[in-house]
Each structure stands twice: as C-alpha cells, then as structure tokens.
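Containing PDB, C-alpha atoms and all ligand atoms: query_24.pdb.
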```pdb
ATOM      1  CA  ALA A   1      16.838 -17.748 -13.259
ATOM      2  CA  ALA A   2      15.961 -14.124 -13.793
ATOM      3  CA  ASP A   3      13.054 -14.885 -16.141
ATOM      4  CA  MET A   4      10.780 -17.290 -14.295
ATOM      5  CA  GLY A   5       8.272 -17.332 -17.128
ATOM      6  CA  ALA A   6      10.878 -18.713 -19.540
ATOM      7  CA  ASP A   7      11.450 -21.684 -17.222
ATOM      8  CA  LEU A   8       7.798 -22.702 -17.437
ATOM      9  CA  GLU A   9       6.734 -25.380 -19.876
ATOM     10  CA  LYS A  10       3.037 -24.736 -19.491
ATOM     11  CA  VAL A  11       0.720 -22.585 -17.399
ATOM     12  CA  LEU A  12      -1.823 -24.887 -15.737
ATOM     13  CA  ILE A  13      -3.769 -22.300 -13.741
ATOM     14  CA  THR A  14      -3.804 -18.559 -14.361
ATOM     15  CA  GLU A  15      -3.760 -15.801 -11.779
ATOM     16  CA  GLU A  16      -7.417 -15.005 -12.508
ATOM     17  CA  GLU A  17      -8.480 -18.649 -12.141
ATOM     18  CA  ILE A  18      -6.670 -18.948  -8.801
ATOM     19  CA  GLN A  19      -8.260 -15.793  -7.405
ATOM     20  CA  ALA A  20     -11.752 -16.692  -8.626
ATOM     21  CA  ARG A  21     -11.577 -20.170  -7.088
ATOM     22  CA  LEU A  22     -10.164 -18.895  -3.782
ATOM     23  CA  ALA A  23     -13.030 -16.412  -3.578
ATOM     24  CA  GLU A  24     -15.526 -19.281  -3.969
ATOM     25  CA  LEU A  25     -13.766 -21.365  -1.322
ATOM     26  CA  ALA A  26     -13.599 -18.397   1.062
ATOM     27  CA  THR A  27     -17.357 -17.934   0.840
ATOM     28  CA  GLU A  28     -18.013 -21.659   1.351
ATOM     29  CA  ILE A  29     -15.743 -21.744   4.396
ATOM     30  CA  TRP A  30     -17.316 -18.636   5.903
ATOM     31  CA  GLU A  31     -20.846 -19.993   5.405
ATOM     32  CA  ASN A  32     -19.885 -23.434   6.722
ATOM     33  CA  TYR A  33     -19.129 -22.081  10.207
ATOM     34  CA  ALA A  34     -22.229 -19.872  10.256
ATOM     35  CA  GLY A  35     -20.780 -17.281  12.607
ATOM     36  CA  GLU A  36     -18.912 -19.715  14.876
ATOM     37  CA  PRO A  37     -15.231 -18.784  15.227
ATOM     38  CA  PHE A  38     -12.622 -20.815  13.374
ATOM     39  CA  LEU A  39      -8.834 -20.698  13.036
ATOM     40  CA  LEU A  40      -6.907 -20.900   9.775
ATOM     41  CA  VAL A  41      -3.696 -22.955  10.116
ATOM     42  CA  GLY A  42      -1.242 -22.517   7.250
ATOM     43  CA  ILE A  43       1.579 -24.948   6.520
ATOM     44  CA  LEU A  44       4.832 -23.137   5.795
ATOM     45  CA  LYS A  45       6.099 -22.274   3.387
ATOM     46  CA  GLY A  46       4.003 -23.326   0.414
ATOM     47  CA  ALA A  47       0.686 -22.146   1.848
ATOM     48  CA  VAL A  48       1.767 -18.538   2.378
ATOM     49  CA  LEU A  49       0.243 -17.200  -0.824
ATOM     50  CA  VAL A  50      -2.944 -19.276  -0.543
ATOM     51  CA  MET A  51      -3.419 -18.021   3.014
ATOM     52  CA  ALA A  52      -2.874 -14.391   2.026
ATOM     53  CA  ASP A  53      -5.446 -14.429  -0.761
ATOM     54  CA  LEU A  54      -7.926 -16.876   0.805
ATOM     55  CA  MET A  55      -8.187 -15.012   4.104
ATOM     56  CA  ARG A  56      -8.655 -11.659   2.385
ATOM     57  CA  ALA A  57     -11.560 -13.168   0.432
ATOM     58  CA  ILE A  58     -13.284 -14.222   3.682
ATOM     59  CA  PRO A  59     -16.003 -11.669   4.463
ATOM     60  CA  GLY A  60     -15.291 -11.386   8.196
ATOM     61  CA  SER A  61     -12.440 -11.329  10.675
ATOM     62  CA  VAL A  62     -10.589 -14.635  11.002
ATOM     63  CA  PRO A  63      -7.370 -15.476  12.890
ATOM     64  CA  MET A  64      -4.428 -17.408  11.451
ATOM     65  CA  ASP A  65      -1.592 -19.492  12.819
ATOM     66  CA  TRP A  66       1.248 -21.426  11.201
ATOM     67  CA  MET A  67       3.065 -24.723  11.369
ATOM     68  CA  ALA A  68       6.268 -25.683   9.622
ATOM     69  CA  VAL A  69       7.076 -29.335   8.993
ATOM     70  CA  SER A  70       9.702 -31.043   6.913
ATOM     71  CA  SER A  71       8.743 -33.485   4.185
ATOM     72  CA  TYR A  72      10.287 -32.811   0.776
ATOM     73  CA  GLY A  73      13.693 -31.306   1.456
ATOM     74  CA  SER A  74      14.941 -29.660  -1.737
ATOM     75  CA  GLY A  75      14.061 -32.445  -4.166
ATOM     76  CA  THR A  76      10.906 -33.219  -6.093
ATOM     77  CA  LYS A  77       9.890 -36.455  -4.364
ATOM     78  CA  SER A  78       8.014 -36.889  -1.128
ATOM     79  CA  SER A  79      10.049 -38.665   1.521
ATOM     80  CA  GLY A  80       7.134 -39.405   3.846
ATOM     81  CA  VAL A  81       9.231 -38.209   6.767
ATOM     82  CA  VAL A  82       7.426 -35.519   8.739
ATOM     83  CA  ARG A  83       8.784 -33.575  11.667
ATOM     84  CA  ILE A  84       7.644 -30.334  13.283
ATOM     85  CA  LEU A  85      10.035 -27.441  12.658
ATOM     86  CA  LYS A  86       7.653 -24.796  14.037
ATOM     87  CA  ASP A  87       4.561 -25.578  16.076
ATOM     88  CA  LEU A  88       1.375 -23.532  16.487
ATOM     89  CA  ASP A  89       1.458 -20.565  18.845
ATOM     90  CA  THR A  90      -2.220 -21.275  19.567
ATOM     91  CA  ASP A  91      -3.956 -23.808  21.827
ATOM     92  CA  ILE A  92      -6.585 -25.335  19.517
ATOM     93  CA  THR A  93      -8.470 -27.248  22.212
ATOM     94  CA  GLY A  94     -12.210 -26.876  21.584
ATOM     95  CA  ARG A  95     -11.720 -24.780  18.459
ATOM     96  CA  HIS A  96     -12.703 -25.230  14.812
ATOM     97  CA  VAL A  97      -9.558 -25.520  12.698
ATOM     98  CA  VAL A  98      -9.142 -25.192   8.939
ATOM     99  CA  ILE A  99      -5.761 -26.347   7.654
ATOM    100  CA  VAL A 100      -4.688 -24.280   4.637
ATOM    101  CA  GLU A 101      -2.345 -25.946   2.124
ATOM    102  CA  ASP A 102      -1.028 -25.261  -1.350
ATOM    103  CA  ILE A 103      -1.034 -28.881  -2.527
ATOM    104  CA  ILE A 104      -1.869 -32.443  -1.564
ATOM    105  CA  ASP A 105       0.569 -34.645  -3.451
ATOM    106  CA  SER A 106       1.135 -38.051  -1.820
ATOM    107  CA  GLY A 107      -1.030 -36.877   1.087
ATOM    108  CA  LEU A 108       1.583 -37.989   3.613
ATOM    109  CA  THR A 109       2.246 -34.503   4.999
ATOM    110  CA  LEU A 110      -1.384 -33.595   5.619
ATOM    111  CA  SER A 111      -2.387 -36.989   6.881
ATOM    112  CA  TRP A 112       0.282 -36.685   9.560
ATOM    113  CA  ILE A 113      -0.531 -33.050  10.378
ATOM    114  CA  ARG A 114      -4.244 -33.736  10.603
ATOM    115  CA  ALA A 115      -3.729 -36.633  13.031
ATOM    116  CA  ASN A 116      -1.372 -34.473  15.055
ATOM    117  CA  LEU A 117      -3.903 -31.624  15.313
ATOM    118  CA  GLU A 118      -6.794 -34.025  16.025
ATOM    119  CA  SER A 119      -4.868 -35.308  19.041
ATOM    120  CA  ARG A 120      -5.014 -31.827  20.609
ATOM    121  CA  GLY A 121      -8.756 -31.932  21.184
ATOM    122  CA  PRO A 122     -10.065 -29.417  18.639
ATOM    123  CA  LYS A 123     -13.801 -29.051  18.025
ATOM    124  CA  SER A 124     -13.217 -29.958  14.368
ATOM    125  CA  VAL A 125     -10.439 -30.129  11.780
ATOM    126  CA  GLU A 126     -11.074 -29.528   8.070
ATOM    127  CA  ILE A 127      -8.678 -29.064   5.166
ATOM    128  CA  CYS A 128      -8.609 -26.476   2.407
ATOM    129  CA  THR A 129      -6.054 -27.005  -0.355
ATOM    130  CA  LEU A 130      -5.586 -25.039  -3.556
ATOM    131  CA  LEU A 131      -4.293 -28.075  -5.483
ATOM    132  CA  ARG A 132      -4.631 -31.834  -5.268
ATOM    133  CA  LYS A 133      -3.052 -34.611  -7.354
ATOM    134  CA  PRO A 134      -5.453 -37.569  -7.214
ATOM    135  CA  ASP A 135      -3.038 -39.823  -9.148
ATOM    136  CA  ALA A 136      -0.208 -39.239  -6.662
ATOM    137  CA  ALA A 137      -2.162 -40.168  -3.520
ATOM    138  CA  LYS A 138      -0.478 -42.683  -1.237
ATOM    139  CA  VAL A 139      -2.973 -42.193   1.580
ATOM    140  CA  ALA A 140      -6.623 -41.153   1.422
ATOM    141  CA  ILE A 141      -7.300 -37.675   2.775
ATOM    142  CA  ASP A 142     -10.724 -36.333   3.566
ATOM    143  CA  CYS A 143     -10.319 -32.836   2.185
ATOM    144  CA  ARG A 144     -13.356 -30.586   2.524
ATOM    145  CA  TRP A 145     -12.296 -27.772   0.180
ATOM    146  CA  VAL A 146     -10.225 -28.351  -2.974
ATOM    147  CA  GLY A 147      -9.379 -25.626  -5.465
ATOM    148  CA  PHE A 148      -8.253 -27.722  -8.420
ATOM    149  CA  ASP A 149      -7.449 -31.362  -9.126
ATOM    150  CA  ILE A 150      -4.368 -31.506 -11.363
ATOM    151  CA  PRO A 151      -2.357 -34.201 -13.184
ATOM    152  CA  ASN A 152       0.576 -35.919 -11.521
ATOM    153  CA  ASP A 153       3.250 -33.573 -12.913
ATOM    154  CA  PHE A 154       5.740 -31.513 -10.925
ATOM    155  CA  VAL A 155       4.307 -28.005 -10.646
ATOM    156  CA  VAL A 156       5.663 -24.713  -9.332
ATOM    157  CA  GLY A 157       4.414 -21.229  -8.636
ATOM    158  CA  TYR A 158       1.979 -19.529  -6.286
ATOM    159  CA  GLY A 159       3.893 -20.843  -3.255
ATOM    160  CA  LEU A 160       5.081 -24.109  -4.781
ATOM    161  CA  ASP A 161       8.850 -24.353  -5.193
ATOM    162  CA  PHE A 162      11.607 -26.216  -6.959
ATOM    163  CA  ALA A 163      14.612 -25.994  -4.599
ATOM    164  CA  GLU A 164      13.023 -22.863  -3.056
ATOM    165  CA  ALA A 165      12.684 -21.103  -6.448
ATOM    166  CA  TYR A 166       9.529 -20.034  -8.315
ATOM    167  CA  ARG A 167       7.305 -19.560  -5.247
ATOM    168  CA  ASN A 168       6.641 -15.960  -6.323
ATOM    169  CA  LEU A 169       5.200 -16.865  -9.721
ATOM    170  CA  ARG A 170       1.612 -15.619  -9.966
ATOM    171  CA  VAL A 171       0.509 -18.724 -11.867
ATOM    172  CA  VAL A 172       0.806 -22.480 -11.347
ATOM    173  CA  GLY A 173       2.681 -24.268 -14.103
ATOM    174  CA  THR A 174       4.992 -27.110 -15.056
ATOM    175  CA  LEU A 175       8.745 -26.584 -15.347
ATOM    176  CA  ALA A 176      10.550 -26.893 -18.668
ATOM    177  CA  PRO A 177      12.868 -29.967 -18.787
ATOM    178  CA  HIS A 178      15.997 -27.802 -19.193
ATOM    179  CA  VAL A 179      15.481 -26.513 -15.649
ATOM    180  CA  TYR A 180      15.997 -29.980 -14.146
ATOM    181  CA  SER A 181      19.264 -30.708 -15.979
TER     182      SER A 181
HETATM  183  C1  LIG B 201       5.063 -29.487  -0.183
HETATM  184  C2  LIG B 201       3.698 -28.890  -0.291
HETATM  185  C3  LIG B 201       2.893 -29.650   0.728
HETATM  186  C4  LIG B 201       3.531 -31.037   0.682
HETATM  187  C5  LIG B 201       2.689 -31.963  -0.123
HETATM  188  O1  LIG B 201       5.716 -28.892   0.917
HETATM  189  O2  LIG B 201       3.733 -27.509   0.023
HETATM  190  O3  LIG B 201       3.058 -29.096   2.007
HETATM  191  O4  LIG B 201       4.812 -30.866   0.052
HETATM  192  O5  LIG B 201       3.322 -33.197  -0.301
HETATM  193  P1  LIG B 201       2.711 -34.587   0.154
HETATM  194  O6  LIG B 201       1.230 -34.571  -0.051
HETATM  195  O7  LIG B 201       3.389 -35.576  -0.791
HETATM  196  O8  LIG B 201       3.099 -34.840   1.557
HETATM  197  P2  LIG B 201       7.297 -28.996   1.111
HETATM  198  O9  LIG B 201       7.599 -30.134   2.006
HETATM  199  O10 LIG B 201       7.965 -28.995  -0.231
HETATM  200  O11 LIG B 201       7.655 -27.681   1.917
HETATM  201  P3  LIG B 201       7.355 -26.184   1.441
HETATM  202  O12 LIG B 201       5.905 -25.954   1.634
HETATM  203  O13 LIG B 201       8.189 -25.352   2.344
HETATM  204  O14 LIG B 201       7.766 -26.091  -0.004
HETATM  205 MN    MN B 202       4.371 -27.328   1.980
HETATM  206 MG    MG B 203       8.456 -27.501  -1.277
END
```
Structure re-expressed in structure tokens:
Amino acid sequence: AADMGADLEKVLITEEEIQARLAELATEIWENYAGEPFLLVGILKGAVLVMADLMRAIPGSVPMDWMAVSSYGSGTKSSGVVRILKDLDTDITGRHVVIVEDIIDSGLTLSWIRANLESRGPKSVEICTLLRKPDAAKVAIDCRWVGFDIPNDFVVGYGLDFAEAYRNLRVVGTLAPHVYS
C-alpha cells in the first residue's frame, strides 16, 4: 500500500504523544539509575523506533544492544513459541539491564526473554515498553516503565507491523478491515 494513512482505521496515539511520553520515560529511567551505568537491550525489530527516540531523550551517554527472537511470524496472533535468532553481543553479568520493547501483548515474548536474561547473572533487569495490552495478557509481567495501556485491538505503526508493513508509520493506529481481506 502506497498510502499507509488510508489503511488506518483510527489513530490511537499521535507522533507528539509518543515523543512526549518517551521523554518522560527517558527521564525516569535516567534518574532511577542515579549515575550507575545501565544497558538498553532492544528486541528486534519492533523496538527499533522506540529505542531510537527513547535513547536520544536520555540526558547522558547510554549503550545499547539487541536481541532478535521469533514469536509472531507474519500473522496477527502470538504463537508463544520463542527462539533466539540473534543473541546479545554483550556479556550482561553484573550489569543493570533495561529491556526496550514496542508492545507487551500476551506477554509471552518478554516473559521468556526476561527469564533468559536473568539467568545470565545481571545486576538487575527492568522492562520499558511503549505499549501494553492489559486485556491480552496470558502471563503477568512486572514492567517498570509503560508508555500507554491500549485496548486489545491489532495495532500497527511506530515499529509495529502487519506482515512487515506499516512499521514506518509515525503514529500508532488500528488497521482498516479492508487491509485484512
Ligand atoms: C511483537 C512485538 C513484541 C511481541 C509481543 O514482535 O514487537 O516483541 O510481538 O507479543 P507477545 O507479548 O504476545 O509475546 P514480533 O514477534 O511480531 O516481531 P517483530 O518485533 O519483528 O515485529
Ligand atoms: Mn517484537
Ligand atoms: Mg511483528
């Protein structure tokens, strides 16, 4: 689709709202570690845009690393199957880690990733997610920093895809029904 905006049913969160909230979260994260070093770990690919804007809103130098796991495939439902496609380059033993995600849907992906990172002996592991769907939760996740709680509808944009499309939308919105059929 050439016109991504026409495929949207509704804009849930505007560009300005996303940036304002990420700036708040960046300050909270920075103040939480009070000068102690921490590592941002983004989960490819959805978290790319959150990472880019969140880390630039942090008022000091902070390193990043990335993991890629499989969970959704190209569909719209969570399979619950998680496997590492790309592991961290970094040894996180004894380090503070902040996982950066675009969305917690069922929670299955992050619950698995968090347990996996905890097993490596970090000093702490916290989670920062732009979006969370409380009504879709299949497992409870202790998430320290949440941008927005949203309804249990399929959303795209700002990193979130439908079959790899729409990640480059500047807003988060729901897809029009004609896109699915
Ligand atoms: C999406 C999203 C989260 C995960 C959330 O990633 O970016 O990582 O699903 O789902 P869950 O809470 O139900 O586990 P996806 O697997 O689609 O990969 P992507 O980031 O490359 O789009
Ligand atoms: Mn993802
Ligand atoms: Mg996806």
Residues selected by the PyMOL selection byres (((chain A and resi 67) around 12) and not hetatm), written as number ranges by chain: A: 40-48, 64-66, 68-70, 82-90, 99-101, 109-110, 113-114, 116-117
Serialized selection, C-alpha atoms, as a compact mmCIF listing (two decimals), in the frame of the given file:
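Okay, this is what ended up in result23.txt:
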```txt
# COMPACT_ATOMS: atom_id res chain seq x y z
CA LEU A 40 -6.91 -20.90 9.78
CA VAL A 41 -3.70 -22.96 10.12
CA GLY A 42 -1.24 -22.52 7.25
CA ILE A 43 1.58 -24.95 6.52
CA LEU A 44 4.83 -23.14 5.80
CA LYS A 45 6.10 -22.27 3.39
CA GLY A 46 4.00 -23.33 0.41
CA ALA A 47 0.69 -22.15 1.85
CA VAL A 48 1.77 -18.54 2.38
CA MET A 64 -4.43 -17.41 11.45
CA ASP A 65 -1.59 -19.49 12.82
CA TRP A 66 1.25 -21.43 11.20
CA ALA A 68 6.27 -25.68 9.62
CA VAL A 69 7.08 -29.34 8.99
CA SER A 70 9.70 -31.04 6.91
CA VAL A 82 7.43 -35.52 8.74
CA ARG A 83 8.78 -33.58 11.67
CA ILE A 84 7.64 -30.33 13.28
CA LEU A 85 10.04 -27.44 12.66
CA LYS A 86 7.65 -24.80 14.04
CA ASP A 87 4.56 -25.58 16.08
CA LEU A 88 1.38 -23.53 16.49
CA ASP A 89 1.46 -20.56 18.84
CA THR A 90 -2.22 -21.28 19.57
CA ILE A 99 -5.76 -26.35 7.65
CA VAL A 100 -4.69 -24.28 4.64
CA GLU A 101 -2.35 -25.95 2.12
CA THR A 109 2.25 -34.50 5.00
CA LEU A 110 -1.38 -33.60 5.62
CA ILE A 113 -0.53 -33.05 10.38
CA ARG A 114 -4.24 -33.74 10.60
CA ASN A 116 -1.37 -34.47 15.06
CA LEU A 117 -3.90 -31.62 15.31
```
Within 12 Å of region 23-36 of chain A using all atoms listed in the file, minus same-chain residues under 2 positions, as a ChimeraX atom specification: /A:16-21,38-40,50-62,94-100,123-130,144-148
Please compute the CA of Ser106 (chain A)-atom O9 of ligand LIG 201 (chain B) distance, one decimal, in Å. 10.9 Å
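One finds CA of Asp153 (chain A) at 12.2 Å from CA of Ile103 (chain A).
Close contacts of Leu108 (chain A), defined as residues with an atom at most 8 Å away when counting only C-alpha atoms, with chain neighbours fewer than 3 positions off set aside, comprise Gly80, Asp105, Ser111, Trp112, Lys138 and Val139 of chain A.
If you measure from each of A:Thr93, A:Ser71, A:Thr174, A:Ser181 to ligand MN 202 (chain B) using all atoms listed in the file, the closest one turns out to be A:Ser71.
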Kindly resolve the PyMOL selection byres (((chain A and resi 165) around 12) and not hetatm) on the present coordinates and return the residues as a ChimeraX atom specification. /A:1-4,7,45-46,74-75,155-164,166-169,175,179
Restricting it to C-alpha atoms, dump the selection as an mmCIF file, in the frame of the given file.
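This is the output file selection.cif:
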```cif
data_model
loop_
_atom_site.group_PDB
_atom_site.id
_atom_site.type_symbol
_atom_site.label_atom_id
_atom_site.label_comp_id
_atom_site.auth_asym_id
_atom_site.auth_seq_id
_atom_site.Cartn_x
_atom_site.Cartn_y
_atom_site.Cartn_z
ATOM 1 C CA ALA A 1 16.838 -17.748 -13.259
ATOM 2 C CA ALA A 2 15.961 -14.124 -13.793
ATOM 3 C CA ASP A 3 13.054 -14.885 -16.141
ATOM 4 C CA MET A 4 10.780 -17.290 -14.295
ATOM 5 C CA ASP A 7 11.450 -21.684 -17.222
ATOM 6 C CA LYS A 45 6.099 -22.274 3.387
ATOM 7 C CA GLY A 46 4.003 -23.326 0.414
ATOM 8 C CA SER A 74 14.941 -29.660 -1.737
ATOM 9 C CA GLY A 75 14.061 -32.445 -4.166
ATOM 10 C CA VAL A 155 4.307 -28.005 -10.646
ATOM 11 C CA VAL A 156 5.663 -24.713 -9.332
ATOM 12 C CA GLY A 157 4.414 -21.229 -8.636
ATOM 13 C CA TYR A 158 1.979 -19.529 -6.286
ATOM 14 C CA GLY A 159 3.893 -20.843 -3.255
ATOM 15 C CA LEU A 160 5.081 -24.109 -4.781
ATOM 16 C CA ASP A 161 8.850 -24.353 -5.193
ATOM 17 C CA PHE A 162 11.607 -26.216 -6.959
ATOM 18 C CA ALA A 163 14.612 -25.994 -4.599
ATOM 19 C CA GLU A 164 13.023 -22.863 -3.056
ATOM 20 C CA TYR A 166 9.529 -20.034 -8.315
ATOM 21 C CA ARG A 167 7.305 -19.560 -5.247
ATOM 22 C CA ASN A 168 6.641 -15.960 -6.323
ATOM 23 C CA LEU A 169 5.200 -16.865 -9.721
ATOM 24 C CA LEU A 175 8.745 -26.584 -15.347
ATOM 25 C CA VAL A 179 15.481 -26.513 -15.649
#
```
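With CA of Glu9 (chain A) on one side and CA of Leu22 (chain A) on the other, the separation reads 24.2 Å.
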Nearest to ligand MN 202 (chain B) among A:Leu49, A:Ala137, A:Cys143, A:Val171, with distances taken over all atoms listed in the file: which residue is it? A:Leu49
